[in-house]
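S.K.: If it helps, the file is called entry.cif and holds mmCIF, C-alpha atoms:
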```cif
data_structure
#
loop_
_atom_site.label_atom_id
_atom_site.label_comp_id
_atom_site.auth_asym_id
_atom_site.auth_seq_id
_atom_site.Cartn_x
_atom_site.Cartn_y
_atom_site.Cartn_z
CA MET A 22 100.76 124.78 96.29
CA ASN A 23 101.41 122.75 93.18
CA ILE A 24 100.46 119.17 94.19
CA LEU A 25 100.92 115.74 92.63
CA LEU A 26 98.04 113.59 93.94
CA ALA A 27 98.22 109.79 93.83
CA ASN A 28 96.77 106.81 95.70
CA ASP A 29 96.56 103.01 95.62
CA ASP A 30 92.75 102.55 95.57
CA GLY A 31 92.52 103.72 91.96
CA ILE A 32 91.76 106.96 90.17
CA GLN A 33 88.01 106.55 90.62
CA ALA A 34 88.18 105.96 94.39
CA ILE A 35 86.09 108.18 96.65
CA GLY A 36 89.11 109.15 98.76
CA LEU A 37 91.10 110.55 95.88
CA ARG A 38 88.13 112.28 94.24
CA THR A 39 87.07 113.93 97.51
CA LEU A 40 90.59 115.06 98.35
CA TYR A 41 91.01 116.46 94.83
CA ALA A 42 87.85 118.57 95.23
CA ALA A 43 88.92 119.87 98.66
CA LEU A 44 92.37 120.87 97.42
CA ILE A 45 90.96 122.68 94.39
CA GLU A 46 88.43 124.44 96.61
CA VAL A 47 91.15 126.09 98.73
CA GLY A 48 93.16 127.15 95.69
CA HIS A 49 95.80 124.49 95.17
CA THR A 50 96.88 123.35 91.72
CA VAL A 51 96.39 119.58 91.58
CA HIS A 52 97.83 117.09 89.08
CA VAL A 53 96.37 113.61 89.53
CA VAL A 54 98.47 110.63 88.47
CA ALA A 55 96.92 107.50 89.97
CA PRO A 56 96.43 103.80 89.13
CA VAL A 57 93.54 102.90 86.84
CA THR A 58 92.79 99.84 89.00
CA GLU A 59 93.10 99.17 92.72
CA GLN A 60 96.69 98.50 93.83
CA SER A 61 96.28 98.06 97.58
CA ALA A 62 99.16 96.43 99.51
CA VAL A 63 101.52 96.31 96.52
CA GLY A 64 104.14 98.15 98.58
CA HIS A 65 106.93 99.83 96.66
CA ALA A 66 106.54 97.66 93.55
CA VAL A 67 107.79 99.09 90.24
CA THR A 68 106.85 97.85 86.76
CA LEU A 69 109.94 96.68 84.88
CA SER A 70 108.87 93.92 82.48
CA MET A 71 106.11 95.60 80.47
CA PRO A 72 105.24 99.03 79.06
CA ILE A 73 103.15 101.47 81.09
CA ARG A 74 100.12 103.06 79.46
CA VAL A 75 98.24 106.19 80.54
CA ARG A 76 94.58 107.13 80.16
CA THR A 77 93.10 110.59 80.72
CA PHE A 78 90.02 110.92 82.93
CA LYS A 79 87.77 114.00 82.59
CA GLU A 80 84.38 113.91 84.31
CA ASN A 81 82.21 115.98 86.65
CA GLY A 82 84.82 118.66 87.25
CA PHE A 83 87.61 116.12 87.76
CA GLU A 84 90.68 115.70 85.58
CA GLY A 85 93.55 113.28 86.00
CA GLN A 86 95.81 110.74 84.38
CA GLY A 87 95.21 107.06 85.09
CA VAL A 88 98.24 104.79 84.93
CA TYR A 89 98.12 101.07 84.20
CA GLY A 90 100.69 100.39 86.89
CA THR A 91 101.52 100.64 90.59
CA PRO A 92 101.31 103.68 92.88
CA VAL A 93 105.09 104.08 92.70
CA ASP A 94 104.92 103.87 88.89
CA CYS A 95 102.47 106.77 89.04
CA VAL A 96 104.77 108.99 91.07
CA LYS A 97 107.88 108.07 89.09
CA LEU A 98 106.15 108.65 85.76
CA GLY A 99 104.43 111.79 86.97
CA LEU A 100 107.57 113.44 88.30
CA SER A 101 109.85 112.40 85.46
CA THR A 102 107.55 112.63 82.43
CA LEU A 103 103.92 113.67 82.81
CA LEU A 104 104.25 116.88 84.84
CA SER A 105 105.75 119.92 83.17
CA GLU A 106 107.26 121.22 86.42
CA LYS A 107 108.33 119.87 89.79
CA PRO A 108 105.46 119.94 92.33
CA ASP A 109 105.73 121.44 95.78
CA LEU A 110 104.18 118.36 97.38
CA VAL A 111 103.38 114.71 96.67
CA LEU A 112 100.12 113.75 98.39
CA SER A 113 98.75 110.19 98.44
CA GLY A 114 95.22 109.21 99.51
CA ILE A 115 92.75 109.31 101.07
CA ASN A 116 93.19 105.57 101.47
CA ALA A 117 90.35 103.25 102.47
CA GLY A 118 91.83 101.59 105.54
CA ALA A 119 94.36 102.87 108.07
CA ASN A 120 98.08 102.73 107.42
CA VAL A 121 99.68 102.29 110.82
CA GLY A 122 102.56 100.21 112.16
CA VAL A 123 103.99 97.78 109.62
CA ASP A 124 101.32 98.86 107.11
CA ILE A 125 103.83 101.50 106.08
CA LEU A 126 105.83 98.72 104.39
CA TYR A 127 102.88 97.03 102.67
CA SER A 128 100.89 100.10 101.68
CA GLY A 129 100.83 101.38 98.12
CA THR A 130 99.48 104.65 99.50
CA VAL A 131 102.48 105.20 101.78
CA SER A 132 104.85 103.93 99.09
CA ALA A 133 103.60 106.53 96.62
CA ALA A 134 104.36 109.26 99.15
CA THR A 135 107.68 107.62 99.98
CA GLU A 136 108.70 107.70 96.32
CA GLY A 137 108.06 111.43 96.30
CA ALA A 138 110.22 111.82 99.41
CA LEU A 139 113.00 109.72 97.88
CA MET A 140 112.94 112.13 94.95
CA GLU A 141 113.39 114.93 97.53
CA ILE A 142 109.89 116.39 97.36
CA PRO A 143 107.87 116.96 100.57
CA SER A 144 105.34 114.13 100.80
CA MET A 145 102.36 112.98 102.84
CA ALA A 146 100.17 109.86 102.90
CA VAL A 147 96.56 110.15 104.10
CA SER A 148 94.33 107.26 105.24
CA MET A 149 91.00 106.56 106.92
CA ASP A 150 90.48 103.71 109.41
CA ASN A 151 87.54 102.31 107.44
CA PHE A 152 87.69 100.00 104.42
CA ASN A 153 84.35 101.18 103.01
CA PRO A 154 84.04 104.94 103.60
CA GLU A 155 80.99 106.62 102.12
CA ASP A 156 81.72 110.32 102.73
CA LEU A 157 85.22 111.71 103.25
CA SER A 158 84.49 115.36 102.53
CA ARG A 159 85.19 116.55 106.08
CA GLN A 160 88.41 114.56 106.29
CA ALA A 161 89.49 115.94 102.91
CA ARG A 162 88.84 119.54 104.00
CA TYR A 163 90.76 118.95 107.24
CA CYS A 164 93.70 117.62 105.24
CA ALA A 165 93.61 120.57 102.82
CA GLU A 166 93.65 123.01 105.75
CA LEU A 167 96.41 121.11 107.56
CA LEU A 168 98.78 121.50 104.61
CA SER A 169 99.12 125.22 105.31
CA LYS A 170 100.09 124.58 108.95
CA ILE A 171 102.94 122.14 108.28
CA PRO A 172 106.44 123.71 108.17
CA TRP A 173 107.42 121.92 104.97
CA ASN A 174 110.66 123.88 104.54
CA LYS A 175 111.86 122.81 108.00
CA LEU A 176 111.32 119.07 107.53
CA PRO A 177 114.46 117.00 106.91
CA PRO A 178 115.13 115.58 103.44
CA LYS A 179 113.31 112.38 102.51
CA CYS A 180 110.74 112.69 105.31
CA VAL A 181 107.23 111.31 104.79
CA LEU A 182 104.28 112.45 106.91
CA ASN A 183 101.68 109.76 107.58
CA LEU A 184 98.21 111.11 108.47
CA ASN A 185 95.41 108.80 109.66
CA PHE A 186 91.76 109.56 110.44
CA PRO A 187 89.78 107.44 112.94
CA ASP A 188 86.70 105.43 112.00
CA CYS A 189 84.15 108.04 113.04
CA SER A 190 82.73 111.35 111.93
CA MET A 191 84.90 114.45 112.22
CA GLU A 192 82.53 115.70 114.93
CA GLU A 193 83.41 112.63 117.01
CA ALA A 194 87.12 112.65 116.18
CA LYS A 195 89.53 113.72 118.91
CA GLU A 196 92.38 116.18 118.46
CA LEU A 197 95.42 115.52 116.31
CA VAL A 198 98.25 113.65 118.06
CA ILE A 199 101.74 113.61 116.60
CA CYS A 200 103.08 110.20 117.54
CA PRO A 201 105.39 107.28 116.64
CA HIS A 202 104.13 104.37 114.56
CA THR A 203 103.17 101.06 116.12
CA ARG A 204 106.04 98.57 116.17
CA ALA A 205 103.89 95.45 116.65
CA SER A 206 103.49 93.11 113.68
CA TYR A 207 100.33 91.43 112.42
CA ARG A 208 99.30 87.94 113.43
CA ASP A 209 98.23 86.58 110.04
CA TRP A 210 96.10 83.63 108.99
CA TYR A 211 94.49 82.35 105.80
CA ASP A 212 90.86 81.36 105.46
CA THR A 213 90.59 78.19 103.39
CA ARG A 214 87.60 78.14 101.02
CA GLU A 215 86.36 76.20 98.02
CA ASP A 216 85.43 77.52 94.60
CA PRO A 217 82.31 76.19 92.78
CA ARG A 218 84.43 73.37 91.28
CA GLY A 219 85.56 72.12 94.68
CA ARG A 220 89.12 73.48 94.47
CA SER A 221 90.69 75.15 97.49
CA TYR A 222 91.73 78.79 97.59
CA TYR A 223 93.07 80.96 100.39
CA TRP A 224 92.14 84.44 101.62
CA LEU A 225 94.56 86.39 103.81
CA ASP A 226 93.31 87.88 107.07
CA GLY A 227 95.05 89.16 110.18
CA ALA A 228 95.16 91.60 113.06
CA ILE A 229 97.69 93.25 115.33
CA PRO A 230 97.28 91.54 118.72
CA SER A 231 95.95 94.11 121.18
CA GLU A 232 98.42 93.09 123.89
CA ARG A 233 101.31 94.13 121.63
CA ILE A 234 100.00 97.62 120.91
CA SER A 235 101.64 100.50 122.79
CA ALA A 236 99.21 103.09 124.14
CA ASP A 237 101.16 106.11 122.89
CA ARG A 238 101.52 104.98 119.27
CA ASP A 239 99.36 105.39 116.18
CA ARG A 240 97.27 102.21 116.26
CA ALA A 241 96.06 102.69 119.84
CA LEU A 242 95.48 106.43 119.44
CA LEU A 243 93.53 105.89 116.24
CA THR A 244 91.33 103.32 117.96
CA GLU A 245 90.66 105.93 120.63
CA LYS A 246 89.38 108.21 117.82
CA HIS A 247 92.38 110.52 117.65
CA ILE A 248 93.63 111.84 114.32
CA THR A 249 97.28 110.78 114.12
CA LEU A 250 100.29 112.21 112.31
CA THR A 251 103.60 110.34 112.18
CA PRO A 252 106.80 111.53 110.52
CA LEU A 253 108.60 108.66 108.79
CA HIS A 254 112.00 108.20 107.24
CA PHE A 255 113.32 105.15 105.47
CA ASP A 256 116.84 104.63 106.77
CA PHE A 257 116.63 100.92 107.58
CA THR A 258 120.09 100.71 109.13
CA ASP A 259 120.05 99.15 112.61
CA ARG A 260 122.63 101.41 114.28
CA GLU A 261 123.03 99.35 117.45
CA THR A 262 123.62 96.12 115.55
CA LEU A 263 125.96 97.98 113.18
CA ASP A 264 128.18 98.92 116.13
CA LEU A 265 127.91 95.40 117.58
CA LEU A 266 129.01 93.75 114.33
CA LYS A 267 131.91 96.18 113.96
CA LYS A 268 133.12 95.19 117.43
CA GLU A 269 132.60 91.46 116.97
CA ILE A 270 133.69 90.95 113.37
CA VAL A 271 136.06 93.71 112.25
#
```
As a first step, turn the structure in this file into structure tokens.

M.R.:
Amino acid sequence: MNILLANDDGIQAIGLRTLYAALIEVGHTVHVVAPVTEQSAVGHAVTLSMPIRVRTFKENGFEGQGVYGTPVDCVKLGLSTLLSEKPDLVLSGINAGANVGVDILYSGTVSAATEGALMEIPSMAVSMDNFNPEDLSRQARYCAELLSKIPWNKLPPKCVLNLNFPDCSMEEAKELVICPHTRASYRDWYDTREDPRGRSYYWLDGAIPSERISADRDRALLTEKHITLTPLHFDFTDRETLDLLKKEIV
């Protein structure tokens, strides 16, 4: 396959570098277009008010193009300008930290894959339920092997696959479960701290309350050490409310 590889942790992140090596090892052609700096939780942001610059990275068998912009900038620029031909797949990851439930709206990793899907290219986001992974080689090889098993030509247009690995070794990980995403939202709070000059600043934290998590959805299954795969599509129309409003208003 001819693959465009992006992420939101930055072009030097362990997840992207490890996935790149695994894809090359099994014979894929990989074009990396990824942010120069970390862009976690920027969602589907697009740069409009300043020029976008690109820097080439070549080191230790790796080659890619670093973009001074967002994950979505990377995919847009890659598909429209930097790549000489349309790829077969847009792949984003491996992200440090799971992307489950409402994370799919916040995540730059998922947004990069979503942009590929919106441009009608099969796309997948890949994440690990650990914010500081040290070795993702087994997860990367699993992902590279999984690509050949997915019936890409049978997926509907503008579908995004969301793959998550549990916070454990691949030996400990349980079998893949294809499941819906968690619908529960985060309960957020801000830690209030002081800088050395005595001025307050705030640091976001939060968690999905355990009592709101459904057992058969991605967050719970991932906690139970299952690998999870969720097909996503981004039609935000609330069909039931659409019919209700038609009856009540029109």

S.K.: Is it possible to get the residues within 10 Å of (101.0, 117.8, 90.4) (coordinates as in the file, counting only C-alpha atoms) written as a CSV table (one decimal) with C-alpha atoms, in the frame of the given file?

M.R.:
```csv
chain,number,residue,atom,x,y,z
A,22,MET,CA,100.8,124.8,96.3
A,23,ASN,CA,101.4,122.8,93.2
A,24,ILE,CA,100.5,119.2,94.2
A,25,LEU,CA,100.9,115.7,92.6
A,26,LEU,CA,98.0,113.6,93.9
A,27,ALA,CA,98.2,109.8,93.8
A,49,HIS,CA,95.8,124.5,95.2
A,50,THR,CA,96.9,123.4,91.7
A,51,VAL,CA,96.4,119.6,91.6
A,52,HIS,CA,97.8,117.1,89.1
A,53,VAL,CA,96.4,113.6,89.5
A,54,VAL,CA,98.5,110.6,88.5
A,85,GLY,CA,93.6,113.3,86.0
A,96,VAL,CA,104.8,109.0,91.1
A,99,GLY,CA,104.4,111.8,87.0
A,100,LEU,CA,107.6,113.4,88.3
A,103,LEU,CA,103.9,113.7,82.8
A,104,LEU,CA,104.2,116.9,84.8
A,105,SER,CA,105.8,119.9,83.2
A,106,GLU,CA,107.3,121.2,86.4
A,107,LYS,CA,108.3,119.9,89.8
A,108,PRO,CA,105.5,119.9,92.3
A,109,ASP,CA,105.7,121.4,95.8
A,110,LEU,CA,104.2,118.4,97.4
A,111,VAL,CA,103.4,114.7,96.7
A,112,LEU,CA,100.1,113.8,98.4
```

S.K.: Can you pull out the residues contacting Asp188 of chain A? Cut-off 12 Å, using all atoms listed in the file, and skip same-chain residues under 4 positions away; I want them as a list of chain:residue names.

M.R.: A:Ala117, A:Gly118, A:Ala119, A:Ser148, A:Met149, A:Asp150, A:Asn151, A:Phe152, A:Asn153, A:Pro154, A:Glu155, A:Asp156, A:Leu157, A:Gln160, A:Glu192, A:Glu193, A:Ala194, A:Lys195, A:Arg240, A:Leu242, A:Leu243, A:Thr244, A:Glu245, A:Lys246, A:His247, A:Ile248

S.K.: Considering all atoms listed in the file, state which residue in the set A:Val181, A:Ile115, A:Ala228, A:Ala43 is at the smallest distance from Tyr207 of chain A.

M.R.: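 Once distances to Tyr207 of chain A are computed over all atoms listed in the file, the minimum belongs to A:Ala228.
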
S.K.: If you measure from atom CA of Asp226 of chain A to atom CA of Gly31 of chain A, what distance in Å do you get, rounded to one decimal?

M.R.: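 About the pair atom CA of Asp226 of chain A and atom CA of Gly31 of chain A: they are 21.9 Å apart.
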
S.K.: Where does the PyMOL selection byres ((chain A and resi 114) around 6) land in this file, that is, which residues does it pick, as a CSV table (one decimal) with C-alpha atoms, in the frame of the given file?

M.R.:
```
chain,number,residue,atom,x,y,z
A,28,ASN,CA,96.8,106.8,95.7
A,37,LEU,CA,91.1,110.6,95.9
A,113,SER,CA,98.8,110.2,98.4
A,115,ILE,CA,92.8,109.3,101.1
A,116,ASN,CA,93.2,105.6,101.5
A,147,VAL,CA,96.6,110.2,104.1
```

S.K.: Care to translate the PyMOL selection byres ((chain A and resi 256-260) around 12) into actual residues of this file, as number ranges by chain?

M.R.: A: 126, 135, 139, 178-181, 253-255, 261-267

S.K.: With C-alpha atoms kept, could you save the residues just selected as a JSON list (two decimals), in the frame of the given file?

M.R.:
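Writing the result to result23.json gives the following:
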```
[["chain", "number", "residue", "atom", "x", "y", "z"],
["A", 126, "LEU", "CA", 105.83, 98.72, 104.39],
["A", 135, "THR", "CA", 107.68, 107.62, 99.98],
["A", 139, "LEU", "CA", 113.00, 109.72, 97.88],
["A", 178, "PRO", "CA", 115.13, 115.58, 103.44],
["A", 179, "LYS", "CA", 113.31, 112.38, 102.51],
["A", 180, "CYS", "CA", 110.74, 112.69, 105.31],
["A", 181, "VAL", "CA", 107.23, 111.31, 104.79],
["A", 253, "LEU", "CA", 108.60, 108.66, 108.79],
["A", 254, "HIS", "CA", 112.00, 108.20, 107.24],
["A", 255, "PHE", "CA", 113.32, 105.15, 105.47],
["A", 261, "GLU", "CA", 123.03, 99.35, 117.45],
["A", 262, "THR", "CA", 123.62, 96.12, 115.55],
["A", 263, "LEU", "CA", 125.96, 97.98, 113.18],
["A", 264, "ASP", "CA", 128.18, 98.92, 116.13],
["A", 265, "LEU", "CA", 127.91, 95.40, 117.58],
["A", 266, "LEU", "CA", 129.01, 93.75, 114.33],
["A", 267, "LYS", "CA", 131.91, 96.18, 113.96]]
```

S.K.: So what does the PyMOL selection byres ((chain A and resi 203) around 8) actually pick up in this one, as an mmCIF file with C-alpha atoms, in the coordinates of the input?

M.R.:
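That gives us out-v3.cif:
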```
data_model
loop_
_atom_site.group_PDB
_atom_site.id
_atom_site.type_symbol
_atom_site.label_atom_id
_atom_site.label_comp_id
_atom_site.auth_asym_id
_atom_site.auth_seq_id
_atom_site.Cartn_x
_atom_site.Cartn_y
_atom_site.Cartn_z
ATOM 1 C CA VAL A 121 99.680 102.290 110.820
ATOM 2 C CA GLY A 122 102.560 100.210 112.160
ATOM 3 C CA VAL A 123 103.990 97.780 109.620
ATOM 4 C CA PRO A 201 105.390 107.280 116.640
ATOM 5 C CA HIS A 202 104.130 104.370 114.560
ATOM 6 C CA ARG A 204 106.040 98.570 116.170
ATOM 7 C CA ALA A 205 103.890 95.450 116.650
ATOM 8 C CA ILE A 234 100.000 97.620 120.910
ATOM 9 C CA SER A 235 101.640 100.500 122.790
ATOM 10 C CA ARG A 238 101.520 104.980 119.270
ATOM 11 C CA ASP A 239 99.360 105.390 116.180
ATOM 12 C CA ARG A 240 97.270 102.210 116.260
#
```

S.K.: What's the 12 Å shell around Gly82 of chain A, counting all atoms listed in the file, without same-chain residues fewer than 6 positions away, as a list in words?

M.R.: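 The neighbour list is Arg38, Thr39, Tyr41, Ala42, Ile45 and Glu46 of chain A.
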